file model_14.txt (compact mmCIF, C-alpha atoms)
# COMPACT_ATOMS: atom_id res chain seq x y z
CA MET A 660 32.55 75.03 -23.05
CA GLN A 661 29.31 73.19 -23.55
CA LEU A 662 26.73 74.59 -25.91
CA ARG A 663 23.20 74.92 -24.63
CA THR A 664 20.77 72.41 -26.07
CA MET A 665 18.40 73.99 -28.57
CA THR A 666 15.12 72.74 -27.19
CA PRO A 667 11.87 73.55 -29.03
CA GLU A 668 10.98 76.08 -26.33
CA ARG A 669 14.31 77.84 -26.73
CA ILE A 670 13.92 77.90 -30.51
CA TRP A 671 10.47 79.45 -30.17
CA LEU A 672 11.85 81.98 -27.68
CA LEU A 673 14.65 83.07 -30.00
CA ALA A 674 12.22 83.24 -32.89
CA GLY A 675 9.94 85.46 -30.80
CA TYR A 676 12.82 87.79 -30.02
CA ALA A 677 13.75 87.97 -33.70
CA VAL A 678 10.17 88.73 -34.75
CA ALA A 679 9.81 91.42 -32.08
CA ALA A 680 13.10 93.07 -33.12
CA ALA A 681 12.13 92.94 -36.81
CA ALA A 682 8.73 94.48 -36.01
CA LEU A 683 10.36 97.33 -34.10
CA PHE A 684 12.83 98.07 -36.90
CA CYS A 685 10.05 98.00 -39.52
CA ALA A 686 7.65 100.19 -37.52
CA PRO A 687 8.58 103.39 -39.47
CA LEU A 688 7.18 101.74 -42.61
CA VAL A 689 3.64 101.53 -41.20
CA LEU A 690 3.37 104.25 -38.53
CA SER A 691 2.83 107.95 -39.02
CA ASP A 692 5.44 110.40 -37.77
CA PHE A 693 3.32 111.19 -34.71
CA ARG A 694 2.75 107.54 -33.77
CA LEU A 695 6.38 106.70 -34.43
CA ASN A 696 7.49 109.46 -32.06
CA LEU A 697 5.09 108.13 -29.41
CA LEU A 698 6.47 104.61 -29.80
CA ALA A 699 10.03 105.93 -29.55
CA LYS A 700 9.13 107.61 -26.25
CA PHE A 701 7.56 104.38 -24.97
CA LEU A 702 10.69 102.42 -25.91
CA ALA A 703 12.76 104.91 -23.93
CA TYR A 704 10.46 104.20 -20.99
CA ALA A 705 11.08 100.49 -21.54
CA ILE A 706 14.80 101.03 -20.87
CA VAL A 707 13.90 102.52 -17.48
CA ALA A 708 11.64 99.55 -16.79
CA LEU A 709 14.46 97.12 -17.57
CA GLY A 710 16.75 98.76 -15.05
CA LEU A 711 14.00 98.91 -12.45
CA ASP A 712 13.18 95.25 -12.97
CA LEU A 713 16.84 94.40 -12.49
CA ILE A 714 16.83 95.75 -8.94
CA TRP A 715 13.22 95.09 -7.97
CA GLY A 716 12.35 91.87 -9.77
CA TYR A 717 15.76 90.19 -9.43
CA THR A 718 17.31 91.82 -6.36
CA GLY A 719 14.25 92.64 -4.27
CA ILE A 720 14.99 96.38 -3.97
CA LEU A 721 11.95 98.59 -4.52
CA SER A 722 12.94 102.08 -5.62
CA LEU A 723 10.39 104.88 -5.88
CA GLY A 724 13.03 107.38 -6.91
CA HIS A 725 14.00 106.34 -10.41
CA GLY A 726 12.41 109.50 -11.76
CA VAL A 727 15.44 111.36 -10.36
CA PHE A 728 17.90 109.26 -12.36
CA PHE A 729 15.71 109.58 -15.46
CA GLY A 730 15.57 113.35 -15.00
CA LEU A 731 19.31 113.74 -14.46
CA GLY A 732 19.98 111.99 -17.76
CA GLY A 733 17.41 114.19 -19.45
CA TYR A 734 18.93 117.38 -18.05
CA ALA A 735 22.40 116.34 -19.20
CA MET A 736 21.20 116.02 -22.79
CA ALA A 737 19.02 119.15 -22.58
CA MET A 738 21.93 121.23 -21.31
CA TYR A 739 24.01 120.27 -24.33
CA LEU A 740 21.15 120.95 -26.74
CA LYS A 741 20.44 124.33 -25.11
CA LEU A 742 24.05 125.47 -25.32
CA ASP A 743 24.30 124.25 -28.91
CA ALA A 744 21.10 126.09 -29.85
CA ASN A 745 22.37 129.33 -28.30
CA GLY A 746 25.76 129.10 -29.94
CA GLY A 747 27.51 129.13 -26.58
CA LYS A 748 25.60 132.19 -25.38
CA LEU A 749 23.83 132.47 -22.06
CA PRO A 750 20.51 130.53 -22.02
CA ASP A 751 17.42 132.75 -21.95
CA PHE A 752 16.22 131.73 -18.46
CA MET A 753 19.64 132.61 -17.02
CA ASP A 754 19.48 136.04 -18.64
CA TRP A 755 15.98 136.60 -17.20
CA SER A 756 17.26 135.63 -13.75
CA GLY A 757 20.04 138.19 -13.85
CA LEU A 758 23.06 135.96 -14.51
CA THR A 759 25.81 137.49 -16.61
CA ALA A 760 28.10 134.48 -17.09
CA LEU A 761 27.59 130.81 -17.75
CA PRO A 762 27.93 128.76 -14.51
CA TRP A 763 31.04 126.62 -14.30
CA PHE A 764 29.13 123.33 -14.15
CA TRP A 765 27.30 124.16 -17.39
CA LYS A 766 30.45 124.71 -19.45
CA PRO A 767 31.49 121.02 -19.89
CA PHE A 768 28.03 120.24 -21.31
CA GLY A 769 28.95 122.15 -24.44
CA SER A 770 30.58 118.87 -25.53
CA LEU A 771 28.25 116.11 -26.74
CA PRO A 772 30.55 113.23 -25.66
CA PHE A 773 30.73 114.71 -22.15
CA ALA A 774 26.95 115.14 -22.02
CA LEU A 775 26.42 111.53 -23.13
CA LEU A 776 28.80 110.19 -20.48
CA ALA A 777 27.42 112.49 -17.79
CA GLY A 778 23.86 111.43 -18.58
CA ILE A 779 24.75 107.87 -17.62
CA LEU A 780 27.54 108.29 -15.06
CA ILE A 781 25.97 111.01 -12.89
CA PRO A 782 22.82 108.94 -12.12
CA ALA A 783 24.96 105.84 -11.64
CA LEU A 784 27.31 107.67 -9.27
CA LEU A 785 24.42 109.13 -7.28
CA ALA A 786 22.90 105.65 -6.95
CA LEU A 787 26.28 104.26 -5.88
CA ILE A 788 26.64 106.90 -3.16
CA LEU A 789 23.09 106.37 -1.92
CA GLY A 790 23.57 102.60 -2.02
CA TYR A 791 26.84 102.82 -0.13
CA PHE A 792 25.23 104.56 2.85
CA THR A 793 22.09 102.43 2.85
CA PHE A 794 23.00 98.88 1.86
CA ARG A 795 26.15 98.69 3.96
CA ASN A 796 24.03 99.76 6.94
CA ARG A 797 21.47 97.09 6.02
CA ILE A 798 18.72 99.58 5.31
CA ARG A 799 16.27 97.76 3.10
CA GLY A 800 12.61 97.10 2.50
CA VAL A 801 10.15 99.89 3.14
CA TYR A 802 12.85 102.04 4.78
CA PHE A 803 14.91 102.09 1.59
CA THR A 804 11.78 102.87 -0.43
CA ILE A 805 11.04 105.85 1.80
CA LEU A 806 14.61 107.09 1.37
CA THR A 807 14.26 107.01 -2.42
CA GLN A 808 11.06 109.05 -2.14
CA ALA A 809 12.93 111.54 0.04
CA LEU A 810 15.58 111.75 -2.68
CA VAL A 811 12.86 112.67 -5.16
CA ILE A 812 11.46 115.42 -2.94
CA ILE A 813 14.91 116.90 -2.29
CA THR A 814 15.93 116.83 -5.95
CA VAL A 815 12.69 118.28 -7.31
CA THR A 816 12.71 121.06 -4.68
CA LEU A 817 16.33 121.87 -5.55
CA PHE A 818 15.70 122.02 -9.29
CA ILE A 819 12.60 124.19 -8.87
CA GLY A 820 14.27 126.53 -6.39
CA GLN A 821 17.40 127.09 -8.46
CA GLN A 822 15.57 128.61 -11.41
CA ALA A 823 18.55 130.63 -12.56
CA TYR A 824 20.54 127.45 -13.15
CA THR A 825 17.90 124.84 -14.03
CA GLY A 826 15.03 126.76 -15.58
CA GLY A 827 12.80 126.18 -12.55
CA THR A 828 9.39 124.65 -13.10
CA ASN A 829 9.63 125.28 -16.85
CA GLY A 830 12.72 123.13 -17.14
CA VAL A 831 15.10 123.31 -20.10
CA THR A 832 13.58 123.67 -23.55
CA GLY A 833 13.92 125.81 -26.65
CA TYR A 834 16.29 123.65 -28.68
CA SER A 835 15.64 122.26 -32.13
CA LYS A 836 18.82 120.73 -33.54
CA LEU A 837 21.23 117.88 -32.84
CA LEU A 838 24.57 117.99 -34.65
CA GLY A 839 23.04 120.36 -37.16
CA PHE A 840 20.01 118.16 -37.90
CA SER A 841 16.54 119.42 -37.07
CA LEU A 842 14.86 117.41 -34.32
CA ALA A 843 11.49 118.18 -35.95
CA SER A 844 12.50 116.61 -39.26
CA PRO A 845 10.77 113.27 -40.03
CA ASP A 846 14.08 111.83 -41.20
CA THR A 847 15.81 112.81 -37.96
CA LYS A 848 12.94 111.37 -35.90
CA ARG A 849 13.20 108.13 -37.85
CA TYR A 850 16.93 107.81 -37.22
CA LEU A 851 16.49 108.66 -33.54
CA TYR A 852 13.80 105.98 -33.34
CA TRP A 853 16.18 103.38 -34.75
CA VAL A 854 18.88 104.51 -32.31
CA THR A 855 16.38 104.02 -29.48
CA VAL A 856 15.52 100.51 -30.72
CA VAL A 857 19.21 99.57 -30.88
CA LEU A 858 19.86 100.91 -27.38
CA LEU A 859 16.78 99.11 -26.03
CA ILE A 860 18.00 95.82 -27.50
CA GLY A 861 21.45 96.50 -26.06
CA ALA A 862 19.97 97.25 -22.63
CA PHE A 863 17.88 94.08 -22.80
CA LEU A 864 20.90 91.96 -23.73
CA LEU A 865 22.95 93.55 -20.95
CA CYS A 866 20.28 92.83 -18.33
CA ARG A 867 19.77 89.31 -19.66
CA PHE A 868 23.52 88.67 -19.48
CA ILE A 869 23.55 89.93 -15.90
CA VAL A 870 20.61 87.85 -14.68
CA LYS A 871 21.90 84.69 -16.40
CA SER A 872 25.42 85.09 -15.00
CA ARG A 873 26.75 84.07 -11.60
CA PHE A 874 26.29 87.68 -10.54
CA GLY A 875 22.58 87.38 -11.37
CA LYS A 876 22.28 84.18 -9.36
CA VAL A 877 23.65 86.01 -6.33
CA LEU A 878 21.14 88.82 -6.92
CA ARG A 879 18.25 86.36 -6.88
CA ALA A 880 19.70 84.73 -3.77
CA ILE A 881 19.76 88.14 -2.07
CA ARG A 882 16.16 88.68 -3.07
CA ASP A 883 15.07 85.33 -1.65
CA GLY A 884 17.21 85.34 1.50
CA GLU A 885 19.75 88.11 2.13
CA ASN A 886 20.89 86.77 5.49
CA ARG A 887 21.61 83.33 4.01
CA VAL A 888 23.78 84.94 1.33
CA ARG A 889 25.68 86.83 4.01
CA PHE A 890 26.18 83.68 6.09
CA ILE A 891 27.77 81.75 3.19
CA GLY A 892 30.43 84.42 2.73
CA TYR A 893 29.05 86.94 0.23
CA ASN A 894 28.69 90.65 0.89
CA PRO A 895 25.17 91.52 -0.34
CA ALA A 896 25.83 95.27 -0.11
CA VAL A 897 28.39 95.15 -2.93
CA TYR A 898 26.03 93.33 -5.27
CA GLN A 899 23.14 95.63 -4.36
CA MET A 900 25.22 98.75 -4.99
CA VAL A 901 26.38 97.53 -8.39
CA ALA A 902 22.87 96.50 -9.46
CA PHE A 903 21.43 99.82 -8.25
CA SER A 904 24.10 101.79 -10.14
CA ILE A 905 23.50 99.88 -13.38
CA SER A 906 19.77 100.44 -13.01
CA ALA A 907 20.27 104.18 -12.46
CA GLY A 908 22.59 104.39 -15.47
CA LEU A 909 19.93 102.80 -17.68
CA ALA A 910 17.39 105.31 -16.36
CA GLY A 911 19.76 108.15 -17.25
CA LEU A 912 20.17 106.76 -20.76
CA ALA A 913 16.40 106.64 -21.12
CA GLY A 914 16.14 110.25 -19.95
CA MET A 915 18.53 111.41 -22.67
CA LEU A 916 16.51 109.60 -25.33
CA PHE A 917 13.30 111.05 -23.91
CA VAL A 918 14.59 114.60 -24.35
CA LEU A 919 15.53 113.92 -27.98
CA HIS A 920 12.05 112.61 -28.74
CA VAL A 921 9.95 115.04 -26.67
CA GLY A 922 12.07 118.21 -26.66
CA ILE A 923 11.70 119.18 -23.01
CA ILE A 924 12.74 118.12 -19.52
CA SER A 925 11.38 119.63 -16.30
CA PRO A 926 11.26 118.77 -12.59
CA SER A 927 7.72 117.42 -12.99
CA MET A 928 9.16 114.52 -14.98
CA MET A 929 11.35 113.45 -12.08
CA GLY A 930 8.75 113.66 -9.33
CA ILE A 931 7.07 111.00 -7.20
CA VAL A 932 4.20 110.33 -9.62
CA PRO A 933 6.46 109.44 -12.59
CA SER A 934 8.59 107.30 -10.28
CA ILE A 935 5.53 105.36 -9.12
CA GLU A 936 4.38 104.95 -12.73
CA MET A 937 7.72 103.35 -13.56
CA VAL A 938 7.14 100.76 -10.84
CA LEU A 939 3.66 100.12 -12.23
CA TRP A 940 5.13 99.36 -15.67
CA VAL A 941 7.20 96.57 -14.16
CA ALA A 942 4.36 95.30 -11.96
CA ILE A 943 1.84 95.23 -14.81
CA GLY A 944 4.29 93.69 -17.26
CA GLY A 945 5.60 91.09 -14.86
CA ARG A 946 8.15 91.56 -12.10
CA GLY A 947 11.23 89.38 -12.49
CA THR A 948 10.83 88.97 -16.26
CA LEU A 949 12.78 91.30 -18.54
CA VAL A 950 10.29 90.79 -21.35
CA GLY A 951 7.50 91.72 -18.97
CA ALA A 952 9.22 95.00 -18.08
CA VAL A 953 9.40 96.00 -21.75
CA LEU A 954 5.82 94.89 -22.41
CA GLY A 955 4.55 96.72 -19.35
CA ALA A 956 6.17 100.02 -20.34
CA VAL A 957 5.00 99.88 -23.95
CA LEU A 958 1.50 98.46 -23.43
CA LEU A 959 0.62 100.57 -20.41
CA ASN A 960 1.71 103.82 -22.01
CA SER A 961 0.00 102.85 -25.27
CA ALA A 962 -3.22 102.19 -23.35
CA LYS A 963 -2.83 105.51 -21.53
CA SER A 964 -2.42 107.34 -24.84
CA ALA A 965 -5.33 105.54 -26.49
CA PHE A 966 -7.74 106.07 -23.58
CA SER A 967 -6.83 109.74 -23.19
CA GLU A 968 -7.39 110.34 -26.91
CA SER A 969 -10.71 108.49 -27.11
CA TYR A 970 -12.12 109.39 -23.68
CA PRO A 971 -10.41 112.61 -22.53
CA ASP A 972 -12.81 113.11 -19.61
CA ILE A 973 -12.83 109.63 -18.08
CA TRP A 974 -9.66 107.98 -19.37
CA ILE A 975 -8.21 107.76 -15.86
CA LEU A 976 -11.12 105.48 -14.91
CA PHE A 977 -10.19 103.07 -17.68
CA MET A 978 -6.60 103.04 -16.48
CA GLY A 979 -7.74 102.29 -12.95
CA ALA A 980 -9.94 99.45 -14.19
CA LEU A 981 -6.97 98.07 -16.15
CA PHE A 982 -4.82 98.04 -13.02
CA VAL A 983 -7.52 96.24 -11.04
CA VAL A 984 -7.98 93.59 -13.73
CA VAL A 985 -4.27 92.90 -13.98
CA VAL A 986 -3.74 92.74 -10.21
CA VAL A 987 -6.73 90.45 -9.63
CA PHE A 988 -6.53 88.15 -12.64
CA LEU A 989 -2.84 88.42 -13.62
CA PRO A 990 -0.85 88.57 -10.37
CA LYS A 991 2.34 87.74 -12.30
CA GLY A 992 1.71 90.46 -14.87
CA ALA A 993 1.25 90.26 -18.60
CA ALA A 994 4.34 88.06 -18.93
CA GLY A 995 2.67 85.57 -16.59
CA LEU A 996 0.37 84.59 -19.46
CA PHE A 997 3.33 82.98 -21.22
CA GLY A 998 4.20 81.05 -18.07
CA GLN A 999 0.63 79.81 -17.78
CA PHE A 1000 0.67 78.74 -21.42
CA LYS A 1001 3.91 76.81 -20.90
CA TRP A 1002 2.46 75.17 -17.79
CA PHE A 1003 -0.67 74.16 -19.73
CA ARG A 1004 1.41 72.64 -22.52
CA ARG A 1005 3.54 70.65 -20.09
CA ARG A 1006 0.45 69.47 -18.18
CA LYS A 1007 -1.22 68.40 -21.42
CA ALA A 1008 1.91 66.55 -22.58
CA ALA A 1009 2.17 64.83 -19.19
CA ASP A 1010 -1.48 63.75 -19.35
CA GLU A 1011 -1.07 62.39 -22.87
CA GLY A 1012 2.06 60.53 -21.81
CA ALA A 1013 0.29 59.05 -18.83
CA LYS A 1014 -2.55 57.80 -21.02
CA GLY A 1015 -0.12 56.10 -23.38
CA VAL A 1016 1.72 54.21 -20.63
CA PRO A 1017 0.36 50.63 -20.29
CA SER A 1018 -0.83 49.67 -16.83
CA SER A 1019 1.42 47.35 -14.79
CA PRO A 1020 0.43 43.68 -14.83
CA ALA A 1021 -1.15 42.34 -11.68
CA VAL A 1022 1.15 40.24 -9.52

call {"tool": "encode", "arguments": {"input": "model_14.txt", "output": "structure tokens"}}
result
Amino acid sequence: MQLRTMTPERIWLLAGYAVAAAALFCAPLVLSDFRLNLLAKFLAYAIVALGLDLIWGYTGILSLGHGVFFGLGGYAMAMYLKLDANGGKLPDFMDWSGLTALPWFWKPFGSLPFALLAGILIPALLALILGYFTFRNRIRGVYFTILTQALVIITVTLFIGQQAYTGGTNGVTGYSKLLGFSLASPDTKRYLYWVTVVLLIGAFLLCRFIVKSRFGKVLRAIRDGENRVRFIGYNPAVYQMVAFSISAGLAGLAGMLFVLHVGIISPSMMGIVPSIEMVLWVAIGGRGTLVGAVLGAVLLNSAKSAFSESYPDIWILFMGALFVVVVVFLPKGAAGLFGQFKWFRRRKAADEGAKGVPSSPAV
């Protein structure tokens, strides 16, 4: 097996990754507990953005329903935390709704390992089922996007309507401990932050491995010309279903982390607006660049938090102006700045090389 040549650009890239990882791990040393918890939430969002970039930026599938997968993961973790907080007793919203026994589908969530697996596998399985009936029937483009929005409407309506089982519009809250440790404790928040950083790095490495593999090359080929891929003997539906399932699983993982950091999950967090915001993270950061997806999620949510704190009455105007600036002046997103810098360096090196080449003697 041949080793990749360590070019100066690759060395700088690896160094940048190392610096970014070190900065994330050292953040608890310089941030307050409140800011650290905000950053942890933004990093959980970044995991969603990675999965969304995998299917949109690399496969060409635009999903406006990732809030559903995010919410399912969040509910899986919240159900475990609620049962643990009640000591196995009936949750309060079930008692208010007249239930006398714990529903059968709640009982397995009394186990943390089951809740962790369910938080990833249930969204992935739902995406696989949806993908099976859509991709194999060659439903794509705007039609697939509309179907994902329909999935959001159906799921949110179901969770709100079944208040006795899901908590309705209030969602599932009222828990304060994980494995006996208080979720409000600064030490617990710090450890959960580091867990989030590790999982984000793991999700980034997984997505990078996928896009750099032969599987990733097929995904990009499907994005650029699905019919051509089909004509040379590949079945695009299989690749699309797998990519969609992985993306949904990452969204479910992010939802579980979100619940640990925020302490609540409700149907409003899996609606159309959050799903559209997730797409905006990828678009602003840079579609088709994993680094851009992470940057978009962190920077956009940081800007949203900063504007809303400083200008509570008009912060939405600042966010709108930010979107306009990025769309007009940075069509490739924030990550496109790095590409422009690399292009400038190469152009400058080419110009300097051309000046140093002696002119050919006249014949």

call {"tool": "closest_residue", "arguments": {"input": "model_14.txt", "among": "A:Pro782, A:Leu672, A:Ala744, A:Leu761", "to": "Ile905 (chain A)", "atoms": "all atoms listed in the file"}}
result
A:Pro782

call {"tool": "closest_residue", "arguments": {"input": "model_14.txt", "among": "A:Ala956, A:Leu916, A:Leu858, A:Leu713", "to": "Phe874 (chain A)", "atoms": "only C-alpha atoms"}}
result
A:Leu713

call {"tool": "closest_residue", "arguments": {"input": "model_14.txt", "among": "A:Val987, A:Ala686, A:Leu695, A:Ile714", "to": "Ile881 (chain A)", "atoms": "all atoms listed in the file"}}
result
A:Ile714

call {"tool": "closest_residue", "arguments": {"input": "model_14.txt", "among": "A:Pro895, A:Lys871, A:Ser934, A:Leu711", "to": "Asp883 (chain A)", "atoms": "all atoms listed in the file"}}
result
A:Pro895

call {"tool": "atom_distance", "arguments": {"input": "model_14.txt", "atom1": "CA of Ser925 (chain A)", "atom2": "CA of Gly733 (chain A)"}}
result
8.7 Å

call {"tool": "atom_distance", "arguments": {"input": "model_14.txt", "atom1": "CA of Gly732 (chain A)", "atom2": "CA of Met915 (chain A)"}}
result
5.2 Å

call {"tool": "atom_distance", "arguments": {"input": "model_14.txt", "atom1": "CA of Tyr824 (chain A)", "atom2": "CA of Trp765 (chain A)"}}
result
8.6 Å

call {"tool": "residues_around", "arguments": {"input": "model_14.txt", "residues": "region 860-870 of chain A", "least_positions_apart": "5", "cutoff": "8 Å", "atoms": "all atoms listed in the file", "output": "PDB file with C-alpha atoms, in the coordinates of the input"}}
result
ATOM      1  CA  ALA A 680      13.100  93.070 -33.120  1.00  0.00           C
ATOM      2  CA  ILE A 706      14.800 101.030 -20.870  1.00  0.00           C
ATOM      3  CA  LEU A 709      14.460  97.120 -17.570  1.00  0.00           C
ATOM      4  CA  GLY A 710      16.750  98.760 -15.050  1.00  0.00           C
ATOM      5  CA  LEU A 713      16.840  94.400 -12.490  1.00  0.00           C
ATOM      6  CA  TYR A 717      15.760  90.190  -9.430  1.00  0.00           C
ATOM      7  CA  GLY A 875      22.580  87.380 -11.370  1.00  0.00           C
ATOM      8  CA  LYS A 876      22.280  84.180  -9.360  1.00  0.00           C
ATOM      9  CA  LEU A 878      21.140  88.820  -6.920  1.00  0.00           C
ATOM     10  CA  LEU A 909      19.930 102.800 -17.680  1.00  0.00           C
ATOM     11  CA  LEU A 949      12.780  91.300 -18.540  1.00  0.00           C
TER      12      LEU A 949
END

call {"tool": "residues_around", "arguments": {"input": "model_14.txt", "residues": "region 917-921 of chain A", "least_positions_apart": "5", "cutoff": "12 Å", "atoms": "only C-alpha atoms", "output": "VMD selection string"}}
result
chain A and resid 692 to 707 729 to 741 778 830 to 838 840 to 845 847 to 855 910 to 912 928

call {"tool": "closest_residue", "arguments": {"input": "model_14.txt", "among": "A:Ile923, A:Ala760, A:Gly955, A:Leu817", "to": "Met937 (chain A)", "atoms": "all atoms listed in the file"}}
result
A:Gly955

call {"tool": "closest_residue", "arguments": {"input": "model_14.txt", "among": "A:Ala708, A:Ala777, A:Val897, A:Ala677", "to": "Gly951 (chain A)", "atoms": "all atoms listed in the file"}}
result
A:Ala708

call {"tool": "residues_around", "arguments": {"input": "model_14.txt", "residues": "region 721-724 of chain A", "least_positions_apart": "5", "cutoff": "6 Å", "atoms": "all atoms listed in the file", "output": "PyMOL selection string"}}
result
chain A and resi 715+804+807-808+811+934-935

call {"tool": "build_atoms", "arguments": {"input": "model_14.txt", "residues": "region 878-886 of chain A", "atoms": "all heavy atoms", "output": "mmCIF file, in the frame of the given file"}}
result
data_model
loop_
_atom_site.group_PDB
_atom_site.id
_atom_site.type_symbol
_atom_site.label_atom_id
_atom_site.label_comp_id
_atom_site.auth_asym_id
_atom_site.auth_seq_id
_atom_site.Cartn_x
_atom_site.Cartn_y
_atom_site.Cartn_z
ATOM 1 N N LEU A 878 22.207 87.843 -7.087
ATOM 2 C CA LEU A 878 21.140 88.820 -6.920
ATOM 3 C C LEU A 878 19.827 88.152 -6.531
ATOM 4 O O LEU A 878 19.119 88.611 -5.627
ATOM 5 C CB LEU A 878 20.952 89.639 -8.202
ATOM 6 C CG LEU A 878 22.093 90.576 -8.624
ATOM 7 C CD1 LEU A 878 21.705 91.326 -9.886
ATOM 8 C CD2 LEU A 878 22.464 91.543 -7.517
ATOM 9 N N ARG A 879 19.496 87.064 -7.204
ATOM 10 C CA ARG A 879 18.250 86.360 -6.880
ATOM 11 C C ARG A 879 18.333 85.733 -5.494
ATOM 12 O O ARG A 879 17.320 85.662 -4.776
ATOM 13 C CB ARG A 879 17.959 85.299 -7.946
ATOM 14 C CG ARG A 879 17.555 85.894 -9.288
ATOM 15 C CD ARG A 879 16.986 84.835 -10.210
ATOM 16 N NE ARG A 879 17.993 83.881 -10.629
ATOM 17 C CZ ARG A 879 18.821 84.072 -11.660
ATOM 18 N NH1 ARG A 879 18.746 85.190 -12.368
ATOM 19 N NH2 ARG A 879 19.706 83.151 -11.989
ATOM 20 N N ALA A 880 19.521 85.281 -5.123
ATOM 21 C CA ALA A 880 19.700 84.730 -3.770
ATOM 22 C C ALA A 880 19.493 85.813 -2.717
ATOM 23 O O ALA A 880 18.890 85.569 -1.665
ATOM 24 C CB ALA A 880 21.076 84.102 -3.641
ATOM 25 N N ILE A 881 19.973 87.023 -2.994
ATOM 26 C CA ILE A 881 19.760 88.140 -2.070
ATOM 27 C C ILE A 881 18.280 88.458 -1.964
ATOM 28 O O ILE A 881 17.756 88.732 -0.880
ATOM 29 C CB ILE A 881 20.561 89.373 -2.547
ATOM 30 C CG1 ILE A 881 22.070 89.106 -2.450
ATOM 31 C CG2 ILE A 881 20.182 90.603 -1.744
ATOM 32 C CD1 ILE A 881 22.919 90.195 -3.069
ATOM 33 N N ARG A 882 17.603 88.413 -3.087
ATOM 34 C CA ARG A 882 16.160 88.680 -3.070
ATOM 35 C C ARG A 882 15.414 87.662 -2.222
ATOM 36 O O ARG A 882 14.516 88.019 -1.447
ATOM 37 C CB ARG A 882 15.638 88.639 -4.512
ATOM 38 C CG ARG A 882 14.135 88.819 -4.666
ATOM 39 C CD ARG A 882 13.689 88.391 -6.048
ATOM 40 N NE ARG A 882 13.927 86.967 -6.264
ATOM 41 C CZ ARG A 882 13.792 86.366 -7.457
ATOM 42 N NH1 ARG A 882 13.444 87.062 -8.524
ATOM 43 N NH2 ARG A 882 14.027 85.068 -7.573
ATOM 44 N N ASP A 883 15.801 86.402 -2.329
ATOM 45 C CA ASP A 883 15.070 85.330 -1.650
ATOM 46 C C ASP A 883 15.510 85.133 -0.196
ATOM 47 O O ASP A 883 14.749 84.611 0.613
ATOM 48 C CB ASP A 883 15.229 84.016 -2.414
ATOM 49 C CG ASP A 883 14.646 84.103 -3.818
ATOM 50 O OD1 ASP A 883 13.731 84.918 -4.024
ATOM 51 O OD2 ASP A 883 15.109 83.360 -4.712
ATOM 52 N N GLY A 884 16.745 85.526 0.120
ATOM 53 C CA GLY A 884 17.210 85.340 1.500
ATOM 54 C C GLY A 884 18.550 86.023 1.705
ATOM 55 O O GLY A 884 19.610 85.386 1.593
ATOM 56 N N GLU A 885 18.508 87.334 2.017
ATOM 57 C CA GLU A 885 19.750 88.110 2.130
ATOM 58 C C GLU A 885 20.642 87.600 3.248
ATOM 59 O O GLU A 885 21.867 87.521 3.090
ATOM 60 C CB GLU A 885 19.401 89.578 2.356
ATOM 61 C CG GLU A 885 20.614 90.482 2.433
ATOM 62 C CD GLU A 885 20.242 91.943 2.581
ATOM 63 O OE1 GLU A 885 19.102 92.302 2.209
ATOM 64 O OE2 GLU A 885 21.086 92.718 3.068
ATOM 65 N N ASN A 886 20.066 87.239 4.370
ATOM 66 C CA ASN A 886 20.890 86.770 5.490
ATOM 67 C C ASN A 886 21.609 85.466 5.147
ATOM 68 O O ASN A 886 22.760 85.264 5.555
ATOM 69 C CB ASN A 886 20.008 86.574 6.727
ATOM 70 C CG ASN A 886 19.577 87.903 7.329
ATOM 71 O OD1 ASN A 886 20.281 88.900 7.199
ATOM 72 N ND2 ASN A 886 18.416 87.922 7.962
#
